[in-house]
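File shown here: upload_39.txt, holding compact mmCIF, C-alpha atoms.
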# COMPACT_ATOMS: atom_id res chain seq x y z
CA MET G 1 -75.87 -54.49 18.67
CA SER G 2 -72.68 -56.07 19.87
CA GLN G 3 -70.74 -53.91 22.25
CA ARG G 4 -67.35 -52.69 21.15
CA PRO G 5 -64.42 -53.18 23.47
CA LEU G 6 -63.71 -50.21 25.75
CA VAL G 7 -60.14 -48.94 25.95
CA ALA G 8 -58.55 -45.74 27.25
CA LEU G 9 -55.86 -43.52 25.80
CA ALA G 10 -54.76 -40.87 28.27
CA CYS G 11 -52.11 -38.41 29.37
CA THR G 12 -50.06 -39.59 32.34
CA VAL G 13 -51.15 -36.46 34.24
CA LEU G 14 -54.46 -38.30 34.77
CA ASN G 15 -52.80 -41.49 36.02
CA ASP G 16 -54.17 -41.26 39.57
CA LEU G 17 -57.48 -39.59 38.79
CA LEU G 18 -58.48 -41.76 35.83
CA GLY G 19 -56.34 -44.84 36.39
CA SER G 20 -57.87 -45.61 39.78
CA ARG G 21 -61.40 -45.39 38.39
CA LEU G 22 -61.15 -47.55 35.32
CA PRO G 23 -62.09 -51.24 35.53
CA LYS G 24 -58.93 -53.27 36.12
CA SER G 25 -59.62 -55.24 32.96
CA MET G 26 -59.67 -52.17 30.70
CA PRO G 27 -56.56 -51.69 28.57
CA VAL G 28 -55.07 -48.22 29.06
CA ASP G 29 -52.37 -46.59 26.99
CA TRP G 30 -50.66 -43.89 29.07
CA MET G 31 -49.03 -41.15 27.00
CA ASP G 32 -45.95 -39.09 27.88
CA ILE G 33 -46.95 -35.98 29.85
CA SER G 34 -44.40 -33.83 28.02
CA LEU G 35 -46.50 -34.00 24.83
CA HIS G 36 -48.37 -30.95 26.13
CA ASN G 37 -45.25 -28.88 25.45
CA THR G 38 -45.39 -29.73 21.75
CA PRO G 39 -49.08 -29.61 20.79
CA LYS G 40 -48.24 -29.89 17.11
CA LYS G 41 -46.88 -33.40 17.69
CA MET G 42 -49.69 -34.56 19.97
CA ALA G 43 -52.29 -35.66 17.42
CA ALA G 44 -49.73 -37.73 15.49
CA ALA G 45 -48.56 -39.47 18.68
CA LEU G 46 -52.15 -40.33 19.66
CA GLN G 47 -53.05 -41.34 16.11
CA GLU G 48 -50.27 -43.91 16.11
CA ARG G 49 -51.74 -45.57 19.21
CA LEU G 50 -55.30 -45.46 17.87
CA ASP G 51 -54.26 -46.95 14.56
CA ALA G 52 -52.53 -49.78 16.42
CA LEU G 53 -55.79 -50.99 18.00
CA ALA G 54 -56.65 -54.34 16.47
CA THR G 55 -60.45 -54.13 16.73
CA PRO G 56 -62.86 -51.24 16.30
CA SER G 57 -63.22 -49.93 19.85
CA THR G 58 -64.78 -47.23 21.97
CA VAL G 59 -61.83 -45.18 23.17
CA LEU G 60 -62.01 -42.97 26.24
CA ILE G 61 -59.58 -40.15 25.56
CA GLY G 62 -57.92 -38.65 28.63
CA TYR G 63 -57.11 -35.32 27.02
CA GLY G 64 -58.78 -32.00 26.43
CA LEU G 65 -58.14 -29.76 23.43
CA CYS G 66 -54.65 -29.20 24.93
CA GLY G 67 -53.30 -26.26 22.95
CA ASN G 68 -55.09 -27.59 19.84
CA GLY G 69 -52.95 -30.71 20.21
CA LEU G 70 -55.95 -32.93 19.54
CA VAL G 71 -56.94 -31.15 16.33
CA GLY G 72 -56.67 -33.46 13.34
CA LEU G 73 -57.02 -36.69 15.33
CA LYS G 74 -59.03 -39.14 13.21
CA SER G 75 -61.33 -41.70 14.79
CA GLY G 76 -60.85 -44.20 11.95
CA PRO G 77 -62.93 -47.32 12.76
CA HIS G 78 -63.21 -46.31 16.43
CA THR G 79 -65.60 -44.19 18.46
CA LEU G 80 -63.81 -41.59 20.56
CA VAL G 81 -65.13 -40.07 23.77
CA ILE G 82 -63.32 -36.87 24.72
CA PRO G 83 -63.91 -34.46 27.62
CA ARG G 84 -64.98 -31.18 25.99
CA THR G 85 -62.44 -29.06 27.87
CA HIS G 86 -59.51 -26.91 26.84
CA ASP G 87 -57.01 -28.71 29.05
CA CYS G 88 -56.51 -31.04 31.99
CA VAL G 89 -56.90 -28.31 34.61
CA ALA G 90 -60.58 -28.25 33.63
CA ILE G 91 -60.72 -32.04 34.00
CA PHE G 92 -59.33 -31.71 37.55
CA LEU G 93 -61.76 -28.93 38.36
CA GLY G 94 -64.60 -31.08 37.11
CA SER G 95 -66.01 -28.95 34.32
CA HIS G 96 -65.17 -26.65 31.46
CA GLN G 97 -67.28 -23.90 32.99
CA ARG G 98 -65.46 -24.00 36.31
CA TYR G 99 -62.12 -23.69 34.53
CA VAL G 100 -63.24 -20.82 32.27
CA GLN G 101 -64.60 -18.93 35.23
CA ARG G 102 -61.33 -19.31 37.12
CA PHE G 103 -59.23 -18.63 34.05
CA PHE G 104 -60.81 -15.34 33.09
CA ALA G 105 -60.99 -14.14 36.71
CA ASN G 106 -57.23 -14.75 37.14
CA PRO G 107 -55.60 -15.54 33.80
CA ASN G 108 -52.15 -15.04 35.31
CA THR G 109 -52.32 -18.19 37.42
CA TYR G 110 -49.80 -21.00 37.01
CA TYR G 111 -51.44 -24.37 37.69
CA LEU G 112 -49.58 -27.23 39.32
CA THR G 113 -50.82 -30.79 39.46
CA LYS G 114 -49.36 -33.94 40.97
CA GLY G 115 -48.70 -35.25 37.47
CA TRP G 116 -46.65 -32.23 36.49
CA ILE G 117 -44.77 -32.19 39.78
CA ASP G 118 -43.95 -35.90 39.43
CA ALA G 119 -42.84 -35.32 35.84
CA LYS G 120 -40.71 -32.39 37.03
CA ASP G 121 -42.48 -30.06 34.63
CA GLU G 122 -42.62 -26.99 36.89
CA PRO G 123 -40.71 -23.71 37.49
CA LEU G 124 -38.24 -24.87 40.15
CA THR G 125 -36.99 -27.88 38.17
CA ASP G 126 -36.88 -25.64 35.12
CA TYR G 127 -34.57 -23.30 37.00
CA ARG G 128 -32.31 -26.10 38.25
CA ASP G 129 -32.11 -27.58 34.75
CA TYR G 130 -31.15 -24.19 33.30
CA VAL G 131 -28.42 -23.70 35.93
CA ALA G 132 -27.01 -27.12 35.04
CA GLN G 133 -27.29 -26.55 31.31
CA PHE G 134 -26.15 -22.92 31.18
CA ASP G 135 -25.15 -20.89 34.24
CA GLU G 136 -26.89 -19.10 37.08
CA GLU G 137 -27.15 -15.75 35.38
CA THR G 138 -28.67 -17.29 32.25
CA ALA G 139 -31.02 -19.42 34.35
CA ASP G 140 -32.16 -16.27 36.19
CA TYR G 141 -32.90 -14.62 32.86
CA LEU G 142 -34.78 -17.62 31.43
CA VAL G 143 -37.08 -18.18 34.40
CA GLU G 144 -37.70 -14.44 34.67
CA MET G 145 -38.82 -14.41 31.04
CA LYS G 146 -41.00 -17.49 31.49
CA TYR G 147 -42.72 -16.80 34.77
CA LYS G 148 -42.60 -13.09 35.65
CA HIS G 149 -46.21 -12.38 34.62
CA TYR G 150 -47.78 -15.01 36.85
CA ARG G 151 -49.34 -13.73 40.07
CA LYS G 152 -50.60 -16.99 41.52
CA LEU G 153 -49.42 -20.55 41.80
CA CYS G 154 -52.36 -22.88 42.22
CA LEU G 155 -52.09 -26.54 43.16
CA VAL G 156 -55.05 -28.40 41.72
CA GLY G 157 -55.91 -31.86 42.96
CA PHE G 158 -59.01 -33.99 42.74
CA SER G 159 -59.02 -34.90 46.43
CA GLN G 160 -57.74 -33.69 49.78
CA GLU G 161 -55.49 -36.78 49.97
CA GLU G 162 -53.93 -36.04 46.61
CA ILE G 163 -53.29 -32.41 47.59
CA GLU G 164 -51.71 -33.46 50.86
CA SER G 165 -49.48 -36.03 49.18
CA VAL G 166 -47.86 -33.41 46.95
CA ARG G 167 -48.03 -30.40 49.26
CA PRO G 168 -44.40 -30.60 50.45
CA ALA G 169 -43.12 -30.60 46.87
CA ALA G 170 -45.62 -27.91 45.88
CA MET G 171 -44.56 -25.72 48.81
CA GLU G 172 -40.94 -25.88 47.74
CA ILE G 173 -41.92 -24.69 44.26
CA ALA G 174 -44.20 -22.09 45.85
CA ARG G 175 -41.37 -20.64 47.95
CA PHE G 176 -39.20 -20.30 44.87
CA CYS G 177 -41.99 -18.67 42.86
CA HIS G 178 -42.87 -16.33 45.71
CA GLU G 179 -39.30 -15.17 46.29
CA ARG G 180 -38.61 -14.70 42.59
CA PHE G 181 -41.88 -13.47 41.19
CA GLY G 182 -44.08 -12.65 44.18
CA MET G 183 -46.49 -15.41 43.20
CA VAL G 184 -49.09 -16.23 45.83
CA TYR G 185 -49.69 -19.92 46.54
CA GLU G 186 -53.15 -21.40 46.75
CA GLU G 187 -54.77 -24.82 46.59
CA THR G 188 -57.94 -25.89 44.90
CA ILE G 189 -59.67 -29.19 45.26
CA GLY G 190 -61.50 -30.08 42.11
CA THR G 191 -64.01 -32.84 41.72
CA THR G 192 -64.04 -36.24 40.11
CA GLU G 193 -67.35 -35.39 38.40
CA LEU G 194 -66.09 -35.24 34.85
CA ILE G 195 -63.88 -38.30 35.11
CA ASP G 196 -66.62 -40.29 36.86
CA ALA G 197 -68.97 -39.41 34.03
CA LEU G 198 -66.36 -40.41 31.46
CA VAL G 199 -65.77 -43.76 33.11
CA ALA G 200 -69.52 -44.32 33.42
CA MET G 201 -69.96 -43.94 29.66
CA PRO G 202 -71.47 -47.15 28.32
CA ALA G 203 -69.80 -48.93 25.43
CA ASP G 204 -72.67 -47.74 23.29
CA VAL G 205 -71.95 -44.09 24.03
CA ALA G 206 -74.73 -42.81 21.80
CA GLN G 207 -77.00 -43.80 24.68
CA ALA G 208 -75.45 -41.17 26.90
CA PRO G 209 -75.14 -37.90 25.05
CA SER G 210 -73.74 -35.05 27.08
CA ASP G 211 -72.48 -31.52 26.41
CA ALA G 212 -69.52 -32.30 28.60
CA PHE G 213 -68.13 -34.85 26.13
CA LEU G 214 -67.49 -35.11 22.45
CA VAL G 215 -68.53 -38.40 20.98
CA LEU G 216 -66.71 -38.83 17.71
CA ALA G 217 -68.25 -41.42 15.42
CA PRO G 218 -66.04 -43.64 13.24
CA GLY G 219 -64.68 -41.78 10.23
CA SER G 220 -64.57 -38.36 11.90
CA GLU G 221 -61.84 -35.89 12.76
CA VAL G 222 -61.33 -33.63 15.78
CA THR G 223 -61.64 -29.88 15.09
CA ALA G 224 -61.04 -26.94 17.42
CA ALA G 225 -64.60 -25.74 16.86
CA MET G 226 -65.93 -28.87 18.58
CA PHE G 227 -64.52 -27.50 21.84
CA HIS G 228 -66.08 -24.05 21.53
CA TRP G 229 -68.78 -23.26 24.01
CA THR G 230 -70.93 -20.20 23.59
CA GLY G 231 -70.14 -17.42 26.02
CA ASP G 232 -66.42 -18.09 26.43
CA ALA G 233 -65.53 -14.46 25.69
CA PRO G 234 -63.27 -12.83 28.24
CA PRO G 235 -64.98 -10.41 30.61
CA GLN G 236 -63.86 -6.80 30.68
CA PRO G 237 -60.71 -6.20 32.74
CA MET G 238 -62.80 -4.42 35.37
CA ALA G 239 -64.19 -7.80 36.34
CA ARG G 240 -60.71 -9.17 37.00
CA LYS G 241 -59.35 -9.68 40.45
CA GLU G 242 -55.80 -9.15 39.26
CA ASN G 243 -53.88 -9.36 42.46
CA SER G 244 -56.43 -10.60 44.87
CA MET A 1 -12.41 -8.54 8.89
CA SER A 2 -14.49 -11.63 8.23
CA GLN A 3 -13.05 -13.28 11.36
CA HIS A 4 -14.69 -10.51 13.39
CA ILE A 5 -18.00 -11.11 11.68
CA ASP A 6 -17.73 -14.88 12.12
CA ALA A 7 -16.84 -14.51 15.80
CA ILE A 8 -19.83 -12.25 16.52
CA LYS A 9 -22.14 -14.53 14.59
CA ASP A 10 -20.90 -17.57 16.48
CA PHE A 11 -21.27 -15.93 19.90
CA VAL A 12 -24.81 -14.78 19.09
CA ILE A 13 -25.81 -18.24 17.87
CA ARG A 14 -24.53 -19.68 21.16
CA GLY A 15 -26.18 -16.93 23.21
CA LYS A 16 -22.88 -15.70 24.66
CA LYS A 17 -23.86 -12.08 25.15
CA ASN A 18 -20.70 -10.81 26.89
CA ASP A 19 -18.42 -12.46 24.36
CA ALA A 20 -20.58 -11.16 21.53
CA ALA A 21 -20.37 -7.62 22.92
CA GLU A 22 -16.59 -7.84 23.23
CA ALA A 23 -16.32 -9.16 19.68
CA VAL A 24 -18.48 -6.28 18.42
CA ARG A 25 -16.25 -3.73 20.19
CA GLN A 26 -13.17 -5.29 18.62
CA ALA A 27 -14.78 -5.40 15.19
CA LEU A 28 -15.77 -1.73 15.35
CA ALA A 29 -12.32 -0.76 16.64
CA ALA A 30 -10.80 -2.62 13.71
CA GLY A 31 -12.93 -0.55 11.37
CA THR A 32 -15.53 -3.16 10.41
CA ASP A 33 -18.59 -1.56 8.84
CA ALA A 34 -21.50 -1.47 11.33
CA GLY A 35 -24.04 -2.23 8.60
CA LEU A 36 -22.06 -5.33 7.72
CA ILE A 37 -22.05 -6.46 11.36
CA MET A 38 -25.83 -6.09 11.48
CA LYS A 39 -26.42 -7.95 8.25
CA ASP A 40 -23.71 -10.58 8.10
CA ALA A 41 -23.32 -11.27 11.81
CA LEU A 42 -26.58 -10.54 13.65
CA VAL A 43 -29.29 -11.09 11.04
CA ALA A 44 -27.36 -14.07 9.66
CA ALA A 45 -26.96 -15.51 13.17
CA MET A 46 -30.67 -15.25 13.88
CA ALA A 47 -31.45 -16.94 10.57
CA ILE A 48 -29.31 -19.89 11.67
CA VAL A 49 -30.88 -19.89 15.14
CA GLY A 50 -34.31 -19.87 13.47
CA GLN A 51 -33.36 -22.86 11.34
CA LYS A 52 -31.95 -24.72 14.34
CA TYR A 53 -35.21 -24.11 16.20
CA SER A 54 -37.36 -25.23 13.27
CA SER A 55 -35.30 -28.39 12.85
CA GLY A 56 -35.55 -29.25 16.55
CA GLU A 57 -31.84 -28.83 17.28
CA TYR A 58 -32.56 -25.74 19.40
CA PHE A 59 -35.29 -25.42 21.96
CA LEU A 60 -36.85 -22.30 23.43
CA PRO A 61 -34.04 -21.49 25.92
CA GLN A 62 -31.32 -21.49 23.24
CA MET A 63 -33.51 -19.31 21.05
CA MET A 64 -34.17 -16.95 23.98
CA ILE A 65 -30.53 -16.44 24.91
CA ALA A 66 -29.47 -16.00 21.28
CA ALA A 67 -32.11 -13.29 20.85
CA ARG A 68 -30.93 -11.70 24.09
CA ALA A 69 -27.30 -11.68 22.91
CA MET A 70 -28.37 -10.01 19.69
CA THR A 71 -30.49 -7.42 21.49
CA GLU A 72 -27.67 -6.53 23.85
CA VAL A 73 -25.14 -5.82 21.12
CA ILE A 74 -27.45 -3.74 18.92
CA PRO A 75 -26.95 -0.54 21.00
CA LEU A 76 -23.18 -0.88 20.46
CA ILE A 77 -23.65 -1.01 16.70
CA LYS A 78 -26.48 1.46 16.20
CA PRO A 79 -24.52 4.72 16.66
CA HIS A 80 -22.19 3.59 13.87
CA LEU A 81 -24.88 2.82 11.32
CA ILE A 82 -24.99 5.20 8.42
CA GLY A 83 -27.08 5.66 5.28
CA VAL A 84 -29.49 2.90 4.28
CA ALA A 85 -28.40 0.64 7.14
CA ALA A 86 -29.54 3.26 9.67
CA GLU A 87 -33.04 3.49 8.21
CA LYS A 88 -35.92 1.65 9.79
CA LYS A 89 -37.67 -0.85 7.55
CA GLY A 90 -41.09 -0.08 8.96
CA LYS A 91 -43.09 -0.07 12.12
CA ALA A 92 -44.72 -3.05 13.84
CA VAL A 93 -47.18 -3.01 16.74
CA ILE A 94 -46.94 -6.19 18.79
CA GLY A 95 -48.54 -7.78 21.84
CA THR A 96 -50.09 -10.88 23.38
CA VAL A 97 -53.87 -10.98 23.26
CA GLN A 98 -56.35 -10.33 26.03
CA GLY A 99 -56.15 -12.90 28.83
CA ASP A 100 -52.79 -14.23 27.62
CA PHE A 101 -49.69 -13.50 29.68
CA HIS A 102 -47.37 -15.81 27.78
CA ASP A 103 -44.93 -13.49 26.08
CA ILE A 104 -41.77 -15.49 25.44
CA GLY A 105 -42.62 -15.91 21.77
CA LYS A 106 -43.75 -12.32 21.46
CA ASN A 107 -40.50 -11.10 23.03
CA ILE A 108 -38.38 -13.23 20.71
CA VAL A 109 -40.31 -11.86 17.73
CA ARG A 110 -39.80 -8.32 19.03
CA MET A 111 -36.05 -8.84 19.43
CA MET A 112 -35.73 -10.45 16.01
CA MET A 113 -37.83 -7.75 14.35
CA GLU A 114 -35.63 -5.07 15.94
CA GLY A 115 -32.55 -6.95 14.85
CA ALA A 116 -33.93 -7.09 11.33
CA GLY A 117 -34.30 -3.29 11.34
CA TYR A 118 -37.94 -2.75 12.24
CA GLU A 119 -39.23 -0.22 14.72
CA VAL A 120 -41.34 -2.14 17.21
CA VAL A 121 -44.07 -0.71 19.43
CA ASP A 122 -44.57 -3.35 22.13
CA LEU A 123 -47.97 -3.18 23.83
CA GLY A 124 -46.93 -5.94 26.24
CA VAL A 125 -49.24 -8.67 27.50
CA ASP A 126 -53.00 -9.09 27.94
CA VAL A 127 -53.82 -6.52 25.25
CA GLN A 128 -57.51 -5.93 24.63
CA PRO A 129 -58.70 -5.78 20.99
CA GLU A 130 -59.59 -2.11 21.50
CA LYS A 131 -56.01 -1.34 22.58
CA PHE A 132 -54.59 -2.95 19.45
CA VAL A 133 -56.97 -0.90 17.31
CA GLU A 134 -56.07 2.26 19.22
CA ALA A 135 -52.38 1.60 18.61
CA VAL A 136 -52.98 0.99 14.89
CA THR A 137 -54.77 4.33 14.71
CA LYS A 138 -52.09 6.17 16.64
CA GLU A 139 -48.94 4.55 15.25
CA SER A 140 -50.03 3.76 11.67
CA PRO A 141 -47.81 0.66 11.64
CA LYS A 142 -47.12 -1.45 8.59
CA PHE A 143 -47.62 -4.59 10.72
CA LEU A 144 -49.82 -5.67 13.59
CA LEU A 145 -48.49 -8.84 15.25
CA MET A 146 -50.57 -10.72 17.83
CA SER A 147 -49.69 -13.85 19.77
CA ALA A 148 -51.56 -16.33 22.00
CA LEU A 149 -50.60 -19.53 23.79
CA ILE A 150 -54.00 -20.50 25.16
CA THR A 151 -56.84 -21.84 23.05
CA LEU A 152 -59.29 -19.84 25.17
CA THR A 153 -57.66 -16.51 24.28
CA MET A 154 -57.13 -17.05 20.54
CA GLU A 155 -60.62 -15.83 19.74
CA SER A 156 -59.57 -12.36 20.83
CA MET A 157 -57.56 -12.14 17.58
CA ARG A 158 -60.73 -12.55 15.57
CA ARG A 159 -62.35 -9.76 17.57
CA THR A 160 -59.40 -7.44 16.92
CA ILE A 161 -59.61 -8.04 13.17
CA GLU A 162 -63.38 -7.45 13.28
CA LEU A 163 -62.77 -4.13 15.02
CA LEU A 164 -60.11 -3.17 12.46
CA ASN A 165 -62.63 -3.93 9.72
CA ALA A 166 -65.36 -1.93 11.44
CA GLY A 167 -63.01 1.03 11.85
CA GLY A 168 -61.95 0.96 8.20
CA LEU A 169 -58.36 0.21 9.25
CA ARG A 170 -57.96 -3.36 8.05
CA SER A 171 -56.54 -2.51 4.61
CA LYS A 172 -53.99 -0.16 6.18
CA VAL A 173 -52.15 -2.78 8.21
CA VAL A 174 -50.71 -6.24 7.60
CA VAL A 175 -51.89 -8.58 10.35
CA GLY A 176 -49.68 -11.48 11.46
CA VAL A 177 -50.62 -13.99 14.16
CA GLY A 178 -48.59 -16.59 16.01
CA GLY A 179 -48.39 -18.88 19.03
CA ALA A 180 -48.18 -22.62 19.69
CA PRO A 181 -51.90 -23.49 19.33
CA LEU A 182 -52.33 -21.48 16.12
CA SER A 183 -52.32 -22.72 12.56
CA GLN A 184 -52.50 -21.40 9.03
CA LYS A 185 -56.10 -22.58 8.97
CA PHE A 186 -56.99 -20.42 11.98
CA ALA A 187 -55.15 -17.43 10.50
CA ASP A 188 -57.14 -17.84 7.26
CA GLU A 189 -60.38 -18.30 9.15
CA ILE A 190 -60.08 -15.04 11.11
CA GLY A 191 -58.76 -13.11 8.10
CA ALA A 192 -55.17 -12.53 9.18
CA ASP A 193 -52.59 -11.91 6.47
CA PHE A 194 -50.10 -14.47 7.70
CA PHE A 195 -49.37 -17.11 10.31
CA GLY A 196 -45.89 -16.88 11.80
CA GLU A 197 -45.05 -20.50 12.51
CA ASP A 198 -42.08 -19.26 14.55
CA ALA A 199 -40.22 -15.98 15.12
CA TYR A 200 -37.94 -16.44 12.14
CA VAL A 201 -40.83 -17.16 9.80
CA CYS A 202 -42.60 -14.09 11.19
CA VAL A 203 -39.68 -11.80 10.33
CA GLN A 204 -39.43 -13.35 6.87
CA SER A 205 -43.16 -12.93 6.34
CA CYS A 206 -42.85 -9.24 7.21
CA ASN A 207 -39.83 -8.84 4.90
CA GLN A 208 -41.76 -10.39 2.02
CA ARG A 209 -44.58 -7.91 2.49
CA LEU A 210 -42.39 -4.81 2.54
CA ALA A 211 -42.12 -4.41 -1.22

In structure tokens, write the structure found in this file.
Amino acid sequence: MSQRPLVALACTVLNDLLGSRLPKSMPVDWMDISLHNTPKKMAAALQERLDALATPSTVLIGYGLCGNGLVGLKSGPHTLVIPRTHDCVAIFLGSHQRYVQRFFANPNTYYLTKGWIDAKDEPLTDYRDYVAQFDEETADYLVEMKYKHYRKLCLVGFSQEEIESVRPAAMEIARFCHERFGMVYEETIGTTELIDALVAMPADVAQAPSDAFLVLAPGSEVTAAMFHWTGDAPPQPMARKENS
Amino acid sequence: MSQHIDAIKDFVIRGKKNDAAEAVRQALAAGTDAGLIMKDALVAAMAIVGQKYSSGEYFLPQMMIAARAMTEVIPLIKPHLIGVAAEKKGKAVIGTVQGDFHDIGKNIVRMMMEGAGYEVVDLGVDVQPEKFVEAVTKESPKFLLMSALITLTMESMRRTIELLNAGGLRSKVVVGVGGAPLSQKFADEIGADFFGEDAYVCVQSCNQRLA
């Protein structure tokens, strides 16, 4: 069987993590990070890029379910390989399970990544933008409404170097979030496990089945159910470490 | 008189709460009917804001400050409402689902429901299915409105509806669901009565089911 060409279609948030691991020769289409704010437009934006591929390919998708943003994406003549996670925080942490565990233990955590900080998609820039667009009093109200329920601000990076490179910017955001909302800052180093496994996928992906990825054959469509794992139910509140 | 109404409407649409309040005071002082201010200024303003949001002209912040402006002037108008205009349309229990702390959408829906004349019992954020069911039992609302922003927490809506079914309460309440990752398909799948694509659609969906 002739091997199909391998290409990648990914969110810019994964630029460092995924970009540095892909073979230099592999074509990559980096998508605007702000798509995650409008999940209903995400599938259409990705579909356009997929449909533009000239030859039937194996496409590594650098997205998770992302607010159901991927739902409705059609593979067409291509084979899609997608990390079976709910969003990119899980990709940084290295597995769906690690993310779910963290999420349900502390659901009121705001996650920061280098990609989001670089793209200025975080609370402090939000505040400054609102002050410029409206006025201080209105900006105070808007950020209060958006962020008051978060208890933690967690910087997630895939390596110590990455964390250190964005720490100064993260700390500035952390100070703002602590003063305003009492959010506690923490850092978590994820792993490159999931991305390494994605990159290691052979062109004939059927040879490497894994629970961690969805392999979508030509002529299929992404559904939310494909991302459901058994046992994702939230634990009882007693198990929560609300303010720890 | 219609200049007063137009001024209030315009200030609410632009989220100018202090100006809106001043315009309401002037309108009332000039003898404008409070019911008319509610209907032709506030409810009409939020309909326009809803349309601007749906069409992409307005984003979340504009929607949020418009809803805030409306909410802040309601207490000025309320004491002057008489007759039919003073009556509540019905009661709605509202909250974000278990594990979900994202309540901007829920708060906009609450403000718009109140503006539209509903009594709203707000259970807040991170509401367990059992708490929703308890509130339905206690409050006997016409509507139960649940929202979620995270795909991991959406399933909690299904659980709530299952519990309502098990408790024999499902037929007694209209269930509406909303939130960015939701869809009509998901609402159908879990047996909700409607999917509120946005806050304005949610209020309209409730209005349609009042008859």

- prompt: What's the 10 Å shell around G:His228, counting all atoms listed in the file, without same-chain residues fewer than 5 positions away, as an MDAnalysis selection string?
  reply: (chainID G and resid 65 84:86 223) or (chainID A and resid 151:152)

Test item: residues at most 7 Å from stretch 153-168 of chain G, all atoms listed in the file, excluding those fewer than 5 positions along its chain, as JSON, numbers by chain: {"G": [92, 109, 110, 111, 112, 113, 114, 174, 183, 184, 185, 186, 187, 188, 189, 190, 191, 192]}

message: Please check the contacts: residues of chain G at most 7 Å away from chain A, using only C-alpha atoms, listed as a ChimeraX atom specification.
response: /G:39,67-68,86,104,107-108,142,145-146,149

Take the residues from that selection and write them out as a PDB file, in the frame of the given file, keeping C-alpha atoms.
ATOM      1  CA  PRO G  39     -49.080 -29.610  20.790  1.00  0.00           C
ATOM      2  CA  GLY G  67     -53.300 -26.260  22.950  1.00  0.00           C
ATOM      3  CA  ASN G  68     -55.090 -27.590  19.840  1.00  0.00           C
ATOM      4  CA  HIS G  86     -59.510 -26.910  26.840  1.00  0.00           C
ATOM      5  CA  PHE G 104     -60.810 -15.340  33.090  1.00  0.00           C
ATOM      6  CA  PRO G 107     -55.600 -15.540  33.800  1.00  0.00           C
ATOM      7  CA  ASN G 108     -52.150 -15.040  35.310  1.00  0.00           C
ATOM      8  CA  LEU G 142     -34.780 -17.620  31.430  1.00  0.00           C
ATOM      9  CA  MET G 145     -38.820 -14.410  31.040  1.00  0.00           C
ATOM     10  CA  LYS G 146     -41.000 -17.490  31.490  1.00  0.00           C
ATOM     11  CA  HIS G 149     -46.210 -12.380  34.620  1.00  0.00           C
TER      12      HIS G 149
END

Between atom CA of G:Asp121 and atom CA of G:Val13, distance in Å (one decimal): 10.8 Å

Shell around A:Phe143 at 10 Å using all atoms listed in the file, local window under 5 positions removed, as a PyMOL selection string: chain A and resi 90-94+118+120+136+172-176+193+206+209-210

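All residues of protein, DNA or RNA that reach within 12 Å of A:Gly167, judged by only C-alpha atoms and not counting those fewer than 3 positions away in the chain, are Glu130, Val133, Glu134, Val136, Thr137, Thr160, Ile161, Glu162, Leu163, Leu164, Arg170, Ser171 and Lys172 of chain A.
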
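Atom CA of G:Asp140 is found 15.0 Å from atom CA of G:Glu122.
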
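Straight-line separation from atom CA of G:Phe176 to atom CA of G:Phe134: 19.1 Å.
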
query: Can you list, as a VMD selection string, every protein, DNA or RNA residue that comes within 12 Å of G:Lys120 when you count only C-alpha atoms, leaving out same-chain residues fewer than 3 positions away?
result: chain G and resid 13 33 to 34 112 to 117 123 to 129 169 to 170 173

Distance query 10 Å from (-25.2, -1.9, 19.1) using only C-alpha atoms, result as a list in words: Ala21, Val24, Arg25, Ala34, Ile37, Met38, Met70, Thr71, Glu72, Val73, Ile74, Pro75, Leu76, Ile77, Lys78, Pro79, His80, Leu81 and Gly115 of chain A

Would you write out those residues with C-alpha atoms, as a compact mmCIF listing (two decimals), in the frame of the given file?
# COMPACT_ATOMS: atom_id res chain seq x y z
CA ALA A 21 -20.37 -7.62 22.92
CA VAL A 24 -18.48 -6.28 18.42
CA ARG A 25 -16.25 -3.73 20.19
CA ALA A 34 -21.50 -1.47 11.33
CA ILE A 37 -22.05 -6.46 11.36
CA MET A 38 -25.83 -6.09 11.48
CA MET A 70 -28.37 -10.01 19.69
CA THR A 71 -30.49 -7.42 21.49
CA GLU A 72 -27.67 -6.53 23.85
CA VAL A 73 -25.14 -5.82 21.12
CA ILE A 74 -27.45 -3.74 18.92
CA PRO A 75 -26.95 -0.54 21.00
CA LEU A 76 -23.18 -0.88 20.46
CA ILE A 77 -23.65 -1.01 16.70
CA LYS A 78 -26.48 1.46 16.20
CA PRO A 79 -24.52 4.72 16.66
CA HIS A 80 -22.19 3.59 13.87
CA LEU A 81 -24.88 2.82 11.32
CA GLY A 115 -32.55 -6.95 14.85
